[in-house]
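Only one structure is covered here, and it is reproduced in the block below.
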Amino acid sequence: MADLASSVLGVLTPRRMMKVVFDLMQLSAGTIQRLAPGKESRVVWQEFRNKLEAFNQFENVDHALNLTSKPGVALTQLVEKTNGLDTHRTIWATEGLGHYHTETHWQHSRVPSSVIAANNVHGLPAETMTALHAGMGLSLANRLLKTIESQSPETKVYDVLLQFFELCRNNSQPGYVGAAYEALGLVTRNLYPQLVQVIDRQLQKIDQNQVGYFWHGIGRAIYFAPSNFLPFNNAPWRAMAMVQREPPHEIGRLNALAGFAWALAFVNIRHPVILETLLNQHRTELTTSDAFANGVTSSILIWRDSTADDSCLDALCRYQPEPSDVNLVELWNERVLKSCRNALNWFYPILKEHDSLGEVFRYQSLPELVMRLQREGTRRVT
């Protein structure tokens, strides 16, 4: 890998260089996985490959789809370029397109306006909505957080947060804005970690729901953090300790664990054995809180909404750990199998009907949420 990289990097732009490196890492990880001794070693390398694929597809979507930065390119035209990609790549590429399209707004019209508004979404597949909003949120958060300097007072942070929420609302479709809100935590944790605590303090003044979205995003950021990316740092998953240690309060801990579980399940949904391995290595932590199951449930809901291909979800719902380990089977059935069934048979139809899928990007009782939506819908009808 190093020899091949050194032979081609001299003729590539920095971003092309990064893409080549990621492509080479994926190939090398696949080779190592096939040669690795033992089930857990192979699982760790598979998880590494899945994470690389997701990040590479998002980060290098412009190169992968041969995009240009010309202004005025319709969002529908950009999304059409994902035709031909497999389901998993399409989802991450679409999130990359949400980010890319929002960046073109910043570059050509300064403040984005109506990025995913009605005139832009006509003709777009409904399954692209969540990923596009998540990518847009990443761009909005990064651009605004850049304006905060080390000597900026906390009032400046407060004003930036209000601007971020306003831009999310003004550029979103009904029901999906939560996916944009949550991106704030991911960007802050992995690009501006010095701002985590001050943003948390300001969010306490603005809206407790926003505190949840923020720490859910931080949990997702911890899964993708550079320190947790390489496979030899990931078994057992030390991120499990980080999502409990970093938040200063219980709302933060619940949301960070749910966000981490969301990312882990979503990235590795084609390989249930990875979820099984984490459950096996962290049984104690995962029997005392429902936040992990909440994150898994939410990831299944978003996967269901983001693809017409249910084969991965069917396989996940049918999967069972080794039956000789009774305790692990019970934990799997409670934290994963139950999540799968509730998500598909109960939660999803109601959340979809009421345009409320963005609500699952923060920890809350999903049964209570769907029952409240049903009650409110009944009141409107009568």
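For the structure tokens, the naming scheme is as follows: chains receive sequential letters (A, B, ...) according to their order of presentation, residues are indexed from 1 within each chain, and ligands are indexed from 1 in presentation order.
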Which residues of stretch 183-204 of chain A come within 10 Å of stretch 238-255 of chain A, and what is each one's closest atom pair and distance in Å (one decimal), counting only C-alpha atoms, sorted by chain and residue number, as a Markdown table?
```
| residue | atom | partner | partner_atom | distance |
| --- | --- | --- | --- | --- |
| A:Val196 | CA | A:Pro247 | CA | 9.3 |
| A:Gln197 | CA | A:Pro248 | CA | 8.4 |
| A:Asp200 | CA | A:Pro248 | CA | 9.1 |
```
Dump of C-alpha atoms for the selected residues, as an mmCIF file, in the first residue's frame:
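The new file selection-v2.cif reads:
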```
data_model
loop_
_atom_site.group_PDB
_atom_site.id
_atom_site.type_symbol
_atom_site.label_atom_id
_atom_site.label_comp_id
_atom_site.auth_asym_id
_atom_site.auth_seq_id
_atom_site.Cartn_x
_atom_site.Cartn_y
_atom_site.Cartn_z
ATOM 1 C CA VAL A 196 -18.141 21.372 23.554
ATOM 2 C CA GLN A 197 -18.688 22.555 27.115
ATOM 3 C CA ASP A 200 -23.609 22.714 26.139
#
```
Next on the checklist: Taking the DSSP secondary structure from the backbone, can you list the residues of stretch 106-203 of chain A that are alpha helix (DSSP H), as JSON, numbers by chain?
Outcome noted: {"A": [106, 107, 108, 109, 118, 119, 120, 121, 129, 130, 131, 132, 133, 134, 135, 136, 137, 138, 139, 140, 141, 142, 143, 144, 145, 154, 155, 156, 157, 158, 159, 160, 161, 162, 163, 164, 165, 166, 167, 168, 169, 170, 177, 178, 179, 180, 181, 182, 183, 184, 185, 186, 187, 188, 189, 190, 191, 196, 197, 198, 199, 200, 201, 202, 203]}
Would you save the residues of that selection, restricted to C-alpha atoms, as a CSV table (one decimal), in the first residue's frame?
```
chain,number,residue,atom,x,y,z
A,106,TRP,CA,-22.1,29.2,0.8
A,107,GLN,CA,-19.6,29.8,-2.0
A,108,HIS,CA,-22.0,31.4,-4.4
A,109,SER,CA,-24.6,33.2,-2.3
A,118,ALA,CA,-40.0,22.7,-1.9
A,119,ASN,CA,-38.6,24.0,-5.3
A,120,ASN,CA,-35.5,21.9,-4.8
A,121,VAL,CA,-37.0,18.6,-3.7
A,129,MET,CA,-34.4,13.3,2.6
A,130,THR,CA,-32.7,12.2,5.9
A,131,ALA,CA,-29.2,11.9,4.4
A,132,LEU,CA,-29.5,15.2,2.6
A,133,HIS,CA,-30.6,17.0,5.8
A,134,ALA,CA,-27.8,15.4,7.8
A,135,GLY,CA,-25.2,16.5,5.2
A,136,MET,CA,-26.6,20.0,5.1
A,137,GLY,CA,-26.4,20.2,8.9
A,138,LEU,CA,-22.8,19.3,8.8
A,139,SER,CA,-22.0,22.2,6.4
A,140,LEU,CA,-24.1,24.7,8.3
A,141,ALA,CA,-22.5,23.8,11.7
A,142,ASN,CA,-19.0,23.9,10.4
A,143,ARG,CA,-19.3,27.2,8.6
A,144,LEU,CA,-20.9,28.9,11.6
A,145,LEU,CA,-18.6,27.4,14.3
A,154,GLU,CA,-20.2,33.2,25.4
A,155,THR,CA,-22.8,35.6,24.1
A,156,LYS,CA,-21.2,35.1,20.6
A,157,VAL,CA,-21.6,31.4,21.0
A,158,TYR,CA,-25.2,31.9,22.0
A,159,ASP,CA,-25.9,34.0,18.9
A,160,VAL,CA,-24.2,31.5,16.6
A,161,LEU,CA,-26.3,28.7,17.9
A,162,LEU,CA,-29.5,30.7,17.3
A,163,GLN,CA,-28.3,31.4,13.8
A,164,PHE,CA,-27.6,27.7,13.2
A,165,PHE,CA,-31.1,26.6,14.3
A,166,GLU,CA,-32.7,29.3,12.2
A,167,LEU,CA,-30.7,28.2,9.1
A,168,CYS,CA,-31.6,24.6,9.8
A,169,ARG,CA,-35.3,25.4,10.0
A,170,ASN,CA,-35.3,27.7,6.9
A,177,VAL,CA,-34.9,19.2,10.6
A,178,GLY,CA,-33.8,17.0,13.6
A,179,ALA,CA,-31.2,15.3,11.3
A,180,ALA,CA,-29.7,18.7,10.6
A,181,TYR,CA,-29.8,19.8,14.3
A,182,GLU,CA,-27.9,16.7,15.3
A,183,ALA,CA,-24.9,17.5,13.0
A,184,LEU,CA,-23.9,20.3,15.4
A,185,GLY,CA,-22.6,17.8,18.0
A,186,LEU,CA,-20.6,15.7,15.4
A,187,VAL,CA,-18.9,18.8,14.0
A,188,THR,CA,-18.2,20.3,17.4
A,189,ARG,CA,-16.8,17.1,19.0
A,190,ASN,CA,-14.5,16.2,16.1
A,191,LEU,CA,-13.5,19.7,14.7
A,196,VAL,CA,-18.1,21.4,23.6
A,197,GLN,CA,-18.7,22.6,27.1
A,198,VAL,CA,-19.5,26.2,26.3
A,199,ILE,CA,-22.0,25.1,23.6
A,200,ASP,CA,-23.6,22.7,26.1
A,201,ARG,CA,-24.0,25.6,28.6
A,202,GLN,CA,-25.6,27.8,26.0
A,203,LEU,CA,-28.0,25.1,24.8
```
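Note that the spacing between atom CA of A:Val360 and atom CA of A:Asn56 amounts to 25.2 Å.
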Item to check | Residues near A:Arg89, cut-off 9 Å, only C-alpha atoms, skip fewer than 5 positions along chain, as a VMD selection string | outcome: chain A and resid 53 to 54 57 to 58 82 94
Next on the checklist: With only C-alpha atoms as the counted atoms, please give the residues lying no more than 10 Å from stretch 336-340 of chain A, apart from itself and same-chain residues fewer than 4 positions off, as JSON, numbers by chain.
Outcome noted: {"A": [265, 272, 275, 276, 279, 292, 293, 294, 295, 296, 297, 298, 299, 300, 301, 313, 314, 316, 317, 318, 319, 320, 329, 330, 331, 332, 344, 345, 346, 347]}
Hey, can you spit out that residue selection with C-alpha atoms as a PDB file, in the first residue's frame?
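Result saved to result-v3.pdb:
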```pdb
ATOM      1  CA  ALA A 265     -25.560  -0.029  13.869  1.00  0.00           C
ATOM      2  CA  PRO A 272     -24.952  -8.184  12.542  1.00  0.00           C
ATOM      3  CA  LEU A 275     -23.240  -5.710  16.909  1.00  0.00           C
ATOM      4  CA  GLU A 276     -23.090  -9.123  18.539  1.00  0.00           C
ATOM      5  CA  LEU A 279     -22.752  -6.706  23.049  1.00  0.00           C
ATOM      6  CA  PHE A 292     -28.087   1.632  23.316  1.00  0.00           C
ATOM      7  CA  ALA A 293     -31.333  -0.031  22.200  1.00  0.00           C
ATOM      8  CA  ASN A 294     -32.764   3.419  21.495  1.00  0.00           C
ATOM      9  CA  GLY A 295     -29.868   4.168  19.148  1.00  0.00           C
ATOM     10  CA  VAL A 296     -30.181   0.817  17.401  1.00  0.00           C
ATOM     11  CA  THR A 297     -33.928   1.333  16.963  1.00  0.00           C
ATOM     12  CA  SER A 298     -33.375   4.801  15.514  1.00  0.00           C
ATOM     13  CA  SER A 299     -30.758   3.538  13.065  1.00  0.00           C
ATOM     14  CA  ILE A 300     -33.175   0.865  11.828  1.00  0.00           C
ATOM     15  CA  LEU A 301     -35.895   3.494  11.378  1.00  0.00           C
ATOM     16  CA  LEU A 313     -33.117  -5.440   7.931  1.00  0.00           C
ATOM     17  CA  ASP A 314     -34.599  -8.872   7.222  1.00  0.00           C
ATOM     18  CA  LEU A 316     -30.750  -8.411  11.065  1.00  0.00           C
ATOM     19  CA  CYS A 317     -34.148  -9.468  12.394  1.00  0.00           C
ATOM     20  CA  ARG A 318     -33.386 -13.135  11.685  1.00  0.00           C
ATOM     21  CA  TYR A 319     -29.863 -13.113  13.116  1.00  0.00           C
ATOM     22  CA  GLN A 320     -29.125 -14.992  16.353  1.00  0.00           C
ATOM     23  CA  VAL A 329     -28.877 -14.454  23.278  1.00  0.00           C
ATOM     24  CA  GLU A 330     -31.147 -12.820  25.868  1.00  0.00           C
ATOM     25  CA  LEU A 331     -29.248  -9.536  25.601  1.00  0.00           C
ATOM     26  CA  TRP A 332     -29.420  -9.682  21.799  1.00  0.00           C
ATOM     27  CA  LEU A 344     -40.470  -1.880  11.567  1.00  0.00           C
ATOM     28  CA  ASN A 345     -43.855  -2.998  12.840  1.00  0.00           C
ATOM     29  CA  TRP A 346     -44.827  -0.168  15.174  1.00  0.00           C
ATOM     30  CA  PHE A 347     -42.760   3.022  15.130  1.00  0.00           C
TER      31      PHE A 347
END
```
Item to check | Spatial neighbours of A:Leu369, max dist 9 Å, only C-alpha atoms, sep filter under 3 positions, as number ranges by chain | outcome: A: 347, 351, 359, 364-366, 372-374
Checklist entry - Mind pulling up the distance from atom CA of A:Ser172 to atom CA of A:Asn50? => result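 Result for atom CA of A:Asn50 versus atom CA of A:Ser172: 28.9 Å, one decimal.
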Checklist entry - Which value, in Å to one decimal, gives the distance between atom CA of A:Tyr100 and atom CA of A:Asp62? => result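 One can read the atom CA of A:Tyr100 to atom CA of A:Asp62 distance as 7.7 Å.
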Next on the checklist: Here is a test: counting only C-alpha atoms, which residue of A:Asn66, A:Asn171, A:Gln151, A:Thr288 is nearest to A:Val115?
Outcome noted: A:Asn171
